[in-house]
>>> print(open('run25.cif').read())   # mmCIF, C-alpha atoms, pLDDT in the B column; chains and numbers go by the auth columns
data_start
loop_
_atom_site.group_PDB
_atom_site.id
_atom_site.type_symbol
_atom_site.label_atom_id
_atom_site.label_comp_id
_atom_site.label_asym_id
_atom_site.label_seq_id
_atom_site.Cartn_x
_atom_site.Cartn_y
_atom_site.Cartn_z
_atom_site.B_iso_or_equiv
_atom_site.auth_seq_id
_atom_site.auth_asym_id
ATOM 1 C CA MET A 1 -28.264 -23.821 51.740 72.00 21 A
ATOM 2 C CA SER A 2 -30.059 -27.084 51.123 86.00 22 A
ATOM 3 C CA GLU A 3 -28.550 -29.953 49.189 90.00 23 A
ATOM 4 C CA ALA A 4 -31.294 -29.654 46.572 89.00 24 A
ATOM 5 C CA ALA A 5 -30.409 -25.997 45.936 88.00 25 A
ATOM 6 C CA ILE A 6 -26.701 -26.847 45.689 89.00 26 A
ATOM 7 C CA ALA A 7 -27.457 -29.674 43.255 92.00 27 A
ATOM 8 C CA LYS A 8 -29.626 -27.343 41.164 92.00 28 A
ATOM 9 C CA LYS A 9 -26.870 -24.714 40.998 91.00 29 A
ATOM 10 C CA ALA A 10 -24.288 -27.378 40.119 92.00 30 A
ATOM 11 C CA GLU A 11 -26.544 -28.490 37.254 93.00 31 A
ATOM 12 C CA ILE A 12 -26.811 -24.874 35.995 92.00 32 A
ATOM 13 C CA VAL A 13 -23.004 -24.533 36.111 92.00 33 A
ATOM 14 C CA LYS A 14 -22.649 -27.814 34.192 94.00 34 A
ATOM 15 C CA GLN A 15 -25.182 -26.698 31.549 93.00 35 A
ATOM 16 C CA THR A 16 -23.368 -23.374 31.147 92.00 36 A
ATOM 17 C CA ALA A 17 -19.994 -25.134 30.839 92.00 37 A
ATOM 18 C CA ASP A 18 -21.451 -27.526 28.247 93.00 38 A
ATOM 19 C CA GLU A 19 -22.901 -24.603 26.302 92.00 39 A
ATOM 20 C CA LEU A 20 -19.542 -22.795 26.338 91.00 40 A
ATOM 21 C CA ASN A 21 -17.680 -25.916 25.228 91.00 41 A
ATOM 22 C CA ALA A 22 -20.140 -26.613 22.405 91.00 42 A
ATOM 23 C CA ALA A 23 -20.059 -23.045 21.077 92.00 43 A
ATOM 24 C CA GLU A 24 -17.823 -21.942 18.218 92.00 44 A
ATOM 25 C CA SER A 25 -17.801 -18.484 19.756 93.00 45 A
ATOM 26 C CA ALA A 26 -19.163 -16.626 22.755 94.00 46 A
ATOM 27 C CA ILE A 27 -19.037 -12.878 23.265 95.00 47 A
ATOM 28 C CA VAL A 28 -19.484 -11.380 26.740 95.00 48 A
ATOM 29 C CA VAL A 29 -21.274 -8.031 26.843 95.00 49 A
ATOM 30 C CA ASP A 30 -22.478 -5.441 29.327 93.00 50 A
ATOM 31 C CA TYR A 31 -26.009 -4.458 28.345 89.00 51 A
ATOM 32 C CA ARG A 32 -26.680 -2.065 31.259 89.00 52 A
ATOM 33 C CA GLY A 33 -28.593 1.015 30.127 88.00 53 A
ATOM 34 C CA LEU A 34 -30.312 -0.504 27.097 89.00 54 A
ATOM 35 C CA THR A 35 -34.066 -0.106 26.949 90.00 55 A
ATOM 36 C CA VAL A 36 -36.354 -3.135 26.763 91.00 56 A
ATOM 37 C CA GLU A 37 -37.034 -2.271 23.113 92.00 57 A
ATOM 38 C CA GLU A 38 -33.287 -2.158 22.314 91.00 58 A
ATOM 39 C CA VAL A 39 -32.660 -5.495 24.070 90.00 59 A
ATOM 40 C CA THR A 40 -35.591 -7.037 22.183 91.00 60 A
ATOM 41 C CA ASP A 41 -34.167 -5.739 18.895 91.00 61 A
ATOM 42 C CA LEU A 42 -30.724 -7.082 19.840 91.00 62 A
ATOM 43 C CA ARG A 43 -32.140 -10.529 20.638 92.00 63 A
ATOM 44 C CA LYS A 44 -34.091 -10.561 17.342 94.00 64 A
ATOM 45 C CA GLN A 45 -30.977 -9.727 15.298 92.00 65 A
ATOM 46 C CA LEU A 46 -28.999 -12.394 17.128 92.00 66 A
ATOM 47 C CA ARG A 47 -31.779 -14.985 16.708 93.00 67 A
ATOM 48 C CA ASP A 48 -31.952 -14.240 12.956 93.00 68 A
ATOM 49 C CA ALA A 49 -28.245 -15.138 12.764 90.00 69 A
ATOM 50 C CA ASP A 50 -28.723 -18.353 14.808 92.00 70 A
ATOM 51 C CA VAL A 51 -27.049 -16.822 17.852 93.00 71 A
ATOM 52 C CA SER A 52 -28.502 -17.155 21.351 93.00 72 A
ATOM 53 C CA MET A 53 -27.986 -14.627 24.115 93.00 73 A
ATOM 54 C CA LYS A 54 -28.377 -15.369 27.798 93.00 74 A
ATOM 55 C CA VAL A 55 -28.007 -13.299 30.926 92.00 75 A
ATOM 56 C CA ILE A 56 -25.962 -15.455 33.292 92.00 76 A
ATOM 57 C CA LYS A 57 -24.849 -14.767 36.848 93.00 77 A
ATOM 58 C CA ASN A 58 -21.151 -13.979 37.107 94.00 78 A
ATOM 59 C CA LYS A 59 -20.562 -16.610 39.806 94.00 79 A
ATOM 60 C CA ILE A 60 -22.033 -19.305 37.546 93.00 80 A
ATOM 61 C CA LEU A 61 -19.820 -18.174 34.662 94.00 81 A
ATOM 62 C CA ASP A 62 -16.791 -18.137 36.999 93.00 82 A
ATOM 63 C CA ARG A 63 -17.416 -21.736 37.972 93.00 83 A
ATOM 64 C CA ALA A 64 -18.275 -22.831 34.419 93.00 84 A
ATOM 65 C CA VAL A 65 -14.923 -21.665 33.000 93.00 85 A
ATOM 66 C CA GLU A 66 -12.852 -22.971 35.915 91.00 86 A
ATOM 67 C CA GLY A 67 -10.168 -25.335 34.636 87.00 87 A
ATOM 68 C CA THR A 68 -11.007 -24.706 30.958 88.00 88 A
ATOM 69 C CA ASP A 69 -9.301 -22.840 28.130 88.00 89 A
ATOM 70 C CA TYR A 70 -11.711 -19.961 28.796 91.00 90 A
ATOM 71 C CA GLU A 71 -10.476 -19.197 32.303 91.00 91 A
ATOM 72 C CA ASP A 72 -8.945 -15.931 31.010 91.00 92 A
ATOM 73 C CA LEU A 73 -12.506 -14.626 30.601 92.00 93 A
ATOM 74 C CA LYS A 74 -13.051 -14.486 34.379 92.00 94 A
ATOM 75 C CA SER A 75 -12.019 -10.820 34.470 92.00 95 A
ATOM 76 C CA THR A 76 -14.956 -9.977 32.149 92.00 96 A
ATOM 77 C CA PHE A 77 -17.549 -11.428 34.531 93.00 97 A
ATOM 78 C CA VAL A 78 -18.181 -8.168 36.377 92.00 98 A
ATOM 79 C CA GLY A 79 -21.431 -6.235 36.500 90.00 99 A
ATOM 80 C CA PRO A 80 -24.454 -7.165 34.399 89.00 100 A
ATOM 81 C CA THR A 81 -23.275 -9.863 32.017 91.00 101 A
ATOM 82 C CA ALA A 82 -24.896 -11.383 28.956 93.00 102 A
ATOM 83 C CA VAL A 83 -23.253 -13.968 26.734 95.00 103 A
ATOM 84 C CA ALA A 84 -24.008 -14.420 23.027 94.00 104 A
ATOM 85 C CA PHE A 85 -23.323 -17.998 21.873 92.00 105 A
ATOM 86 C CA SER A 86 -22.950 -19.218 18.298 93.00 106 A
ATOM 87 C CA ASN A 87 -22.622 -22.848 17.295 91.00 107 A
ATOM 88 C CA GLU A 88 -22.607 -22.111 13.554 87.00 108 A
ATOM 89 C CA ASP A 89 -20.972 -18.890 12.357 86.00 109 A
ATOM 90 C CA PRO A 90 -18.140 -17.969 14.739 89.00 110 A
ATOM 91 C CA ILE A 91 -18.062 -14.338 13.585 90.00 111 A
ATOM 92 C CA ALA A 92 -21.821 -13.610 13.723 89.00 112 A
ATOM 93 C CA PRO A 93 -22.074 -12.612 17.422 93.00 113 A
ATOM 94 C CA ALA A 94 -19.058 -10.304 17.149 93.00 114 A
ATOM 95 C CA LYS A 95 -20.405 -8.624 13.990 92.00 115 A
ATOM 96 C CA ILE A 96 -23.892 -8.015 15.390 92.00 116 A
ATOM 97 C CA LEU A 97 -22.742 -6.909 18.837 93.00 117 A
ATOM 98 C CA LYS A 98 -20.032 -4.614 17.410 93.00 118 A
ATOM 99 C CA LYS A 99 -22.565 -2.962 15.087 91.00 119 A
ATOM 100 C CA LEU A 100 -25.028 -2.422 17.935 91.00 120 A
ATOM 101 C CA SER A 101 -22.353 -1.249 20.365 91.00 121 A
ATOM 102 C CA ASP A 102 -21.369 1.405 17.799 90.00 122 A
ATOM 103 C CA GLU A 103 -25.029 2.525 17.661 89.00 123 A
ATOM 104 C CA HIS A 104 -25.671 2.330 21.439 87.00 124 A
ATOM 105 C CA ASP A 105 -23.052 3.573 23.882 87.00 125 A
ATOM 106 C CA GLN A 106 -24.660 1.540 26.671 89.00 126 A
ATOM 107 C CA LEU A 107 -23.811 -1.803 25.037 90.00 127 A
ATOM 108 C CA SER A 108 -20.173 -2.735 25.433 92.00 128 A
ATOM 109 C CA ILE A 109 -18.248 -5.843 24.494 93.00 129 A
ATOM 110 C CA LYS A 110 -16.186 -7.085 27.436 94.00 130 A
ATOM 111 C CA GLY A 111 -14.457 -10.081 25.877 93.00 131 A
ATOM 112 C CA GLY A 112 -15.045 -13.533 24.510 94.00 132 A
ATOM 113 C CA PHE A 113 -13.737 -16.355 22.418 94.00 133 A
ATOM 114 C CA ILE A 114 -13.912 -17.058 18.700 92.00 134 A
ATOM 115 C CA GLU A 115 -13.241 -20.493 17.227 90.00 135 A
ATOM 116 C CA LYS A 116 -12.512 -21.913 20.688 88.00 136 A
ATOM 117 C CA SER A 117 -9.746 -19.346 21.372 91.00 137 A
ATOM 118 C CA VAL A 118 -9.993 -16.450 23.840 92.00 138 A
ATOM 119 C CA LYS A 119 -9.519 -13.136 22.014 93.00 139 A
ATOM 120 C CA THR A 120 -8.644 -9.630 23.098 90.00 140 A
ATOM 121 C CA LEU A 121 -11.109 -6.799 22.529 90.00 141 A
ATOM 122 C CA ASP A 122 -9.024 -5.574 19.587 91.00 142 A
ATOM 123 C CA GLU A 123 -9.091 -9.035 18.004 92.00 143 A
ATOM 124 C CA ILE A 124 -12.855 -9.321 18.498 93.00 144 A
ATOM 125 C CA ASN A 125 -13.342 -5.906 16.861 91.00 145 A
ATOM 126 C CA GLU A 126 -11.072 -6.964 14.005 91.00 146 A
ATOM 127 C CA PHE A 127 -13.099 -10.144 13.451 89.00 147 A
ATOM 128 C CA ALA A 128 -16.304 -8.086 13.607 89.00 148 A
ATOM 129 C CA THR A 129 -15.182 -5.907 10.693 89.00 149 A
ATOM 130 C CA MET A 130 -14.258 -8.864 8.469 85.00 150 A
ATOM 131 C CA PRO A 131 -16.582 -9.685 5.582 80.00 151 A
ATOM 132 C CA SER A 132 -18.931 -12.590 6.157 73.00 152 A
ATOM 133 C CA ARG A 133 -18.364 -16.013 4.617 74.00 153 A
ATOM 134 C CA GLU A 134 -21.043 -15.309 2.003 78.00 154 A
ATOM 135 C CA GLU A 135 -19.436 -11.975 1.070 80.00 155 A
ATOM 136 C CA LEU A 136 -16.036 -13.639 0.687 81.00 156 A
ATOM 137 C CA LEU A 137 -17.488 -16.433 -1.462 85.00 157 A
ATOM 138 C CA SER A 138 -19.301 -13.873 -3.625 87.00 158 A
ATOM 139 C CA THR A 139 -16.052 -11.943 -4.136 86.00 159 A
ATOM 140 C CA LEU A 140 -14.213 -15.151 -5.027 85.00 160 A
ATOM 141 C CA VAL A 141 -16.868 -16.145 -7.559 86.00 161 A
ATOM 142 C CA SER A 142 -16.759 -12.745 -9.265 84.00 162 A
ATOM 143 C CA CYS A 143 -12.947 -12.882 -9.372 84.00 163 A
ATOM 144 C CA LEU A 144 -13.127 -16.312 -11.019 84.00 164 A
ATOM 145 C CA GLN A 145 -15.860 -15.255 -13.475 84.00 165 A
ATOM 146 C CA ASP A 146 -13.973 -12.262 -14.891 81.00 166 A
ATOM 147 C CA PRO A 147 -11.134 -14.219 -16.618 82.00 167 A
ATOM 148 C CA VAL A 148 -13.644 -16.759 -17.962 80.00 168 A
ATOM 149 C CA ARG A 149 -15.707 -13.913 -19.453 81.00 169 A
ATOM 150 C CA LYS A 150 -12.615 -12.454 -21.115 84.00 170 A
ATOM 151 C CA VAL A 151 -11.703 -15.826 -22.650 83.00 171 A
ATOM 152 C CA ALA A 152 -15.292 -16.287 -23.873 82.00 172 A
ATOM 153 C CA ARG A 153 -15.247 -12.828 -25.484 85.00 173 A
ATOM 154 C CA ALA A 154 -11.919 -13.564 -27.165 83.00 174 A
ATOM 155 C CA VAL A 155 -13.185 -16.888 -28.533 85.00 175 A
ATOM 156 C CA LYS A 156 -16.391 -15.214 -29.749 84.00 176 A
ATOM 157 C CA ALA A 157 -14.378 -12.429 -31.412 82.00 177 A
ATOM 158 C CA VAL A 158 -12.194 -14.983 -33.212 83.00 178 A
ATOM 159 C CA ALA A 159 -15.306 -16.913 -34.304 81.00 179 A
ATOM 160 C CA ASP A 160 -16.995 -13.709 -35.520 81.00 180 A
ATOM 161 C CA LYS A 161 -13.852 -12.702 -37.428 78.00 181 A
ATOM 162 C CA GLY A 162 -13.755 -16.155 -39.074 71.00 182 A
ATOM 163 C CA ASP A 163 -17.421 -15.752 -40.105 69.00 183 A
ATOM 164 C CA ASP A 164 -16.698 -12.294 -41.615 68.00 184 A
ATOM 165 C CA GLU A 165 -13.730 -13.618 -43.631 68.00 185 A
ATOM 166 C CA ALA A 166 -15.769 -16.602 -44.875 62.00 186 A
ATOM 167 C CA ALA A 167 -18.559 -14.336 -46.163 58.00 187 A
#
>>> encode(input="run25.cif", output="structure tokens")
Amino acid sequence: MSEAAIAKKAEIVKQTADELNAAESAIVVDYRGLTVEEVTDLRKQLRDADVSMKVIKNKILDRAVEGTDYEDLKSTFVGPTAVAFSNEDPIAPAKILKKLSDEHDQLSIKGGFIEKSVKTLDEINEFATMPSREELLSTLVSCLQDPVRKVARAVKAVADKGDDEAA
């Protein structure tokens, strides 16, 4: 192999390692058996959530995680491998991929990391079923609004009663 080819591959490994290190989460999946239409739909859903998905050679992934906290992922780099990266919402790739893997038997989650920590398949599935940040904030707001509404009603009732007695 020529030195130019080796340098090019080393650069690809470095880019992949940088991408892994910059990501909040990365989920490794086996997409074998999905149709082109299903993969296109998957990529669109991921893109809408600001998640990128790349098909990366296993040997490149092996070298990219060497000596990092993600070395435990090496066992997942078997067969056709795609990696979904998220730099924003750490749960988004897990949620989308879990939903699609439930719909399509061919798509399977092999492993990954969330918030810079390698997770088991059970943990990834658990994260995938959690409500999103927006859903949690919405629930919190409605929980906080209910007592305020009750106090407002009580104050209004007292004010209305005072008006009735004054008349």
>>> resolve_selection(input="run25.cif", expression="the PyMOL selection byres ((chain A and resi 42-54) around 6)", output="VMD selection string")
chain A and resid 39 to 41 55 58 100 to 107 110 126 to 136
>>> atom_distance(input="run25.cif", atom1="CA of Thr88 (chain A)", atom2="CA of Val138 (chain A)")
10.9 Å
>>> atom_distance(input="run25.cif", atom1="CA of Ala148 (chain A)", atom2="CA of Lys118 (chain A)")
6.4 Å
>>> closest_residue(input="run25.cif", among="A:Leu164, A:Thr60, A:Ala112, A:Ser95", to="Thr140 (chain A)", atoms="only C-alpha atoms")
A:Ser95
>>> closest_residue(input="run25.cif", among="A:Ile116, A:Asp122, A:Asp38, A:Val59", to="Val71 (chain A)", atoms="all atoms listed in the file")
A:Ile116
>>> decode(input="run25.cif", residues="region 22-166 of chain A", atoms="C-alpha atoms", output="JSON list (two decimals), in the first residue's frame")
[["chain", "number", "residue", "atom", "x", "y", "z"],
["A", 22, "SER", "CA", 1.34, 3.42, -0.88],
["A", 23, "GLU", "CA", 2.21, 6.04, 1.70],
["A", 24, "ALA", "CA", -0.46, 8.35, 0.26],
["A", 25, "ALA", "CA", -3.15, 5.70, 0.78],
["A", 26, "ILE", "CA", -1.96, 5.05, 4.34],
["A", 27, "ALA", "CA", -1.98, 8.79, 5.08],
["A", 28, "LYS", "CA", -5.49, 9.09, 3.64],
["A", 29, "LYS", "CA", -6.76, 6.22, 5.80],
["A", 30, "ALA", "CA", -5.06, 7.69, 8.88],
["A", 31, "GLU", "CA", -6.85, 10.98, 8.19],
["A", 32, "ILE", "CA", -10.21, 9.15, 7.94],
["A", 33, "VAL", "CA", -9.53, 7.40, 11.26],
["A", 34, "LYS", "CA", -8.64, 10.75, 12.86],
["A", 35, "GLN", "CA", -11.82, 12.39, 11.50],
["A", 36, "THR", "CA", -13.92, 9.50, 12.81],
["A", 37, "ALA", "CA", -12.24, 9.69, 16.23],
["A", 38, "ASP", "CA", -12.81, 13.46, 16.34],
["A", 39, "GLU", "CA", -16.46, 12.97, 15.40],
["A", 40, "LEU", "CA", -16.91, 10.36, 18.14],
["A", 41, "ASN", "CA", -15.22, 12.56, 20.73],
["A", 42, "ALA", "CA", -17.30, 15.61, 19.78],
["A", 43, "ALA", "CA", -20.61, 13.72, 19.88],
["A", 44, "GLU", "CA", -22.90, 13.69, 22.90],
["A", 45, "SER", "CA", -24.10, 10.28, 21.78],
["A", 46, "ALA", "CA", -23.50, 7.74, 19.05],
["A", 47, "ILE", "CA", -25.60, 4.66, 18.40],
["A", 48, "VAL", "CA", -24.22, 1.77, 16.35],
["A", 49, "VAL", "CA", -26.77, -0.06, 14.20],
["A", 50, "ASP", "CA", -26.98, -2.91, 11.71],
["A", 51, "TYR", "CA", -29.10, -1.73, 8.80],
["A", 52, "ARG", "CA", -28.77, -4.88, 6.64],
["A", 53, "GLY", "CA", -32.04, -5.76, 4.93],
["A", 54, "LEU", "CA", -33.56, -2.28, 4.86],
["A", 55, "THR", "CA", -34.75, -1.06, 1.48],
["A", 56, "VAL", "CA", -33.36, 2.13, -0.05],
["A", 57, "GLU", "CA", -36.68, 3.83, 0.71],
["A", 58, "GLU", "CA", -36.52, 2.78, 4.39],
["A", 59, "VAL", "CA", -32.90, 3.98, 4.72],
["A", 60, "THR", "CA", -33.86, 7.29, 3.09],
["A", 61, "ASP", "CA", -36.76, 7.67, 5.53],
["A", 62, "LEU", "CA", -34.44, 6.81, 8.44],
["A", 63, "ARG", "CA", -31.88, 9.41, 7.35],
["A", 64, "LYS", "CA", -34.64, 12.04, 6.95],
["A", 65, "GLN", "CA", -35.98, 11.41, 10.47],
["A", 66, "LEU", "CA", -32.46, 11.57, 11.89],
["A", 67, "ARG", "CA", -31.64, 14.76, 9.94],
["A", 68, "ASP", "CA", -34.85, 16.41, 11.22],
["A", 69, "ALA", "CA", -33.58, 15.77, 14.77],
["A", 70, "ASP", "CA", -30.09, 17.14, 13.97],
["A", 71, "VAL", "CA", -28.57, 13.66, 14.00],
["A", 72, "SER", "CA", -26.17, 12.47, 11.30],
["A", 73, "MET", "CA", -25.77, 8.85, 10.26],
["A", 74, "LYS", "CA", -22.73, 7.45, 8.50],
["A", 75, "VAL", "CA", -21.80, 4.03, 7.24],
["A", 76, "ILE", "CA", -18.24, 3.48, 8.42],
["A", 77, "LYS", "CA", -15.92, 0.54, 7.86],
["A", 78, "ASN", "CA", -15.45, -1.59, 10.97],
["A", 79, "LYS", "CA", -11.65, -1.42, 10.77],
["A", 80, "ILE", "CA", -11.78, 2.39, 10.78],
["A", 81, "LEU", "CA", -14.11, 2.36, 13.79],
["A", 82, "ASP", "CA", -11.81, -0.14, 15.54],
["A", 83, "ARG", "CA", -8.86, 2.17, 15.11],
["A", 84, "ALA", "CA", -10.85, 5.32, 15.96],
["A", 85, "VAL", "CA", -11.91, 4.00, 19.39],
["A", 86, "GLU", "CA", -8.51, 2.51, 20.25],
["A", 87, "GLY", "CA", -7.27, 3.95, 23.54],
["A", 88, "THR", "CA", -10.49, 5.90, 24.20],
["A", 89, "ASP", "CA", -13.38, 5.49, 26.62],
["A", 90, "TYR", "CA", -15.35, 3.92, 23.76],
["A", 91, "GLU", "CA", -13.09, 0.90, 23.31],
["A", 92, "ASP", "CA", -15.85, -1.33, 24.74],
["A", 93, "LEU", "CA", -17.79, -0.70, 21.51],
["A", 94, "LYS", "CA", -15.31, -2.74, 19.45],
["A", 95, "SER", "CA", -17.46, -5.86, 19.80],
["A", 96, "THR", "CA", -20.31, -4.05, 17.99],
["A", 97, "PHE", "CA", -18.21, -3.35, 14.89],
["A", 98, "VAL", "CA", -19.20, -6.54, 13.08],
["A", 99, "GLY", "CA", -21.11, -6.79, 9.82],
["A", 100, "PRO", "CA", -22.64, -3.78, 8.10],
["A", 101, "THR", "CA", -22.29, -0.90, 10.54],
["A", 102, "ALA", "CA", -23.81, 2.56, 10.57],
["A", 103, "VAL", "CA", -23.32, 5.09, 13.34],
["A", 104, "ALA", "CA", -25.82, 7.81, 14.25],
["A", 105, "PHE", "CA", -24.11, 10.82, 15.87],
["A", 106, "SER", "CA", -25.77, 13.60, 17.86],
["A", 107, "ASN", "CA", -23.99, 16.70, 19.10],
["A", 108, "GLU", "CA", -27.15, 18.28, 20.54],
["A", 109, "ASP", "CA", -29.80, 15.98, 22.03],
["A", 110, "PRO", "CA", -28.10, 12.88, 23.46],
["A", 111, "ILE", "CA", -31.32, 10.85, 23.47],
["A", 112, "ALA", "CA", -32.52, 11.67, 19.93],
["A", 113, "PRO", "CA", -30.61, 8.94, 18.03],
["A", 114, "ALA", "CA", -31.68, 6.26, 20.52],
["A", 115, "LYS", "CA", -35.35, 7.34, 20.36],
["A", 116, "ILE", "CA", -35.51, 7.42, 16.55],
["A", 117, "LEU", "CA", -33.54, 4.22, 16.01],
["A", 118, "LYS", "CA", -35.50, 2.33, 18.69],
["A", 119, "LYS", "CA", -38.81, 3.40, 17.13],
["A", 120, "LEU", "CA", -37.67, 2.32, 13.66],
["A", 121, "SER", "CA", -36.14, -0.93, 14.89],
["A", 122, "ASP", "CA", -39.53, -1.79, 16.44],
["A", 123, "GLU", "CA", -41.17, -1.14, 13.04],
["A", 124, "HIS", "CA", -38.48, -2.90, 10.94],
["A", 125, "ASP", "CA", -37.00, -6.19, 12.11],
["A", 126, "GLN", "CA", -34.00, -5.67, 9.81],
["A", 127, "LEU", "CA", -32.76, -2.62, 11.74],
["A", 128, "SER", "CA", -31.06, -3.55, 14.99],
["A", 129, "ILE", "CA", -29.24, -1.47, 17.56],
["A", 130, "LYS", "CA", -25.87, -3.02, 18.39],
["A", 131, "GLY", "CA", -24.61, -0.60, 21.03],
["A", 132, "GLY", "CA", -23.41, 2.92, 21.57],
["A", 133, "PHE", "CA", -22.74, 5.68, 24.03],
["A", 134, "ILE", "CA", -24.96, 8.37, 25.50],
["A", 135, "GLU", "CA", -23.58, 11.46, 27.22],
["A", 136, "LYS", "CA", -20.00, 10.25, 26.66],
["A", 137, "SER", "CA", -20.63, 6.94, 28.49],
["A", 138, "VAL", "CA", -20.85, 3.52, 26.82],
["A", 139, "LYS", "CA", -24.26, 1.95, 27.51],
["A", 140, "THR", "CA", -25.63, -1.56, 27.34],
["A", 141, "LEU", "CA", -28.46, -2.37, 24.94],
["A", 142, "ASP", "CA", -30.92, -2.38, 27.84],
["A", 143, "GLU", "CA", -29.76, 1.07, 28.94],
["A", 144, "ILE", "CA", -30.03, 2.43, 25.39],
["A", 145, "ASN", "CA", -33.58, 1.04, 25.13],
["A", 146, "GLU", "CA", -34.42, 2.58, 28.50],
["A", 147, "PHE", "CA", -33.14, 5.98, 27.37],
["A", 148, "ALA", "CA", -35.09, 5.61, 24.12],
["A", 149, "THR", "CA", -38.38, 5.24, 26.01],
["A", 150, "MET", "CA", -37.79, 8.32, 28.19],
["A", 151, "PRO", "CA", -39.81, 11.44, 27.41],
["A", 152, "SER", "CA", -37.97, 14.12, 25.49],
["A", 153, "ARG", "CA", -36.67, 17.28, 27.14],
["A", 154, "GLU", "CA", -39.58, 19.27, 25.70],
["A", 155, "GLU", "CA", -42.12, 16.75, 27.03],
["A", 156, "LEU", "CA", -40.55, 16.90, 30.50],
["A", 157, "LEU", "CA", -40.53, 20.71, 30.49],
["A", 158, "SER", "CA", -44.18, 20.75, 29.37],
["A", 159, "THR", "CA", -45.12, 18.40, 32.22],
["A", 160, "LEU", "CA", -43.22, 20.55, 34.71],
["A", 161, "VAL", "CA", -44.94, 23.72, 33.51],
["A", 162, "SER", "CA", -48.40, 22.16, 33.81],
["A", 163, "CYS", "CA", -47.56, 20.88, 37.30],
["A", 164, "LEU", "CA", -46.48, 24.39, 38.32],
["A", 165, "GLN", "CA", -49.53, 26.05, 36.72],
["A", 166, "ASP", "CA", -52.13, 23.95, 38.56]]
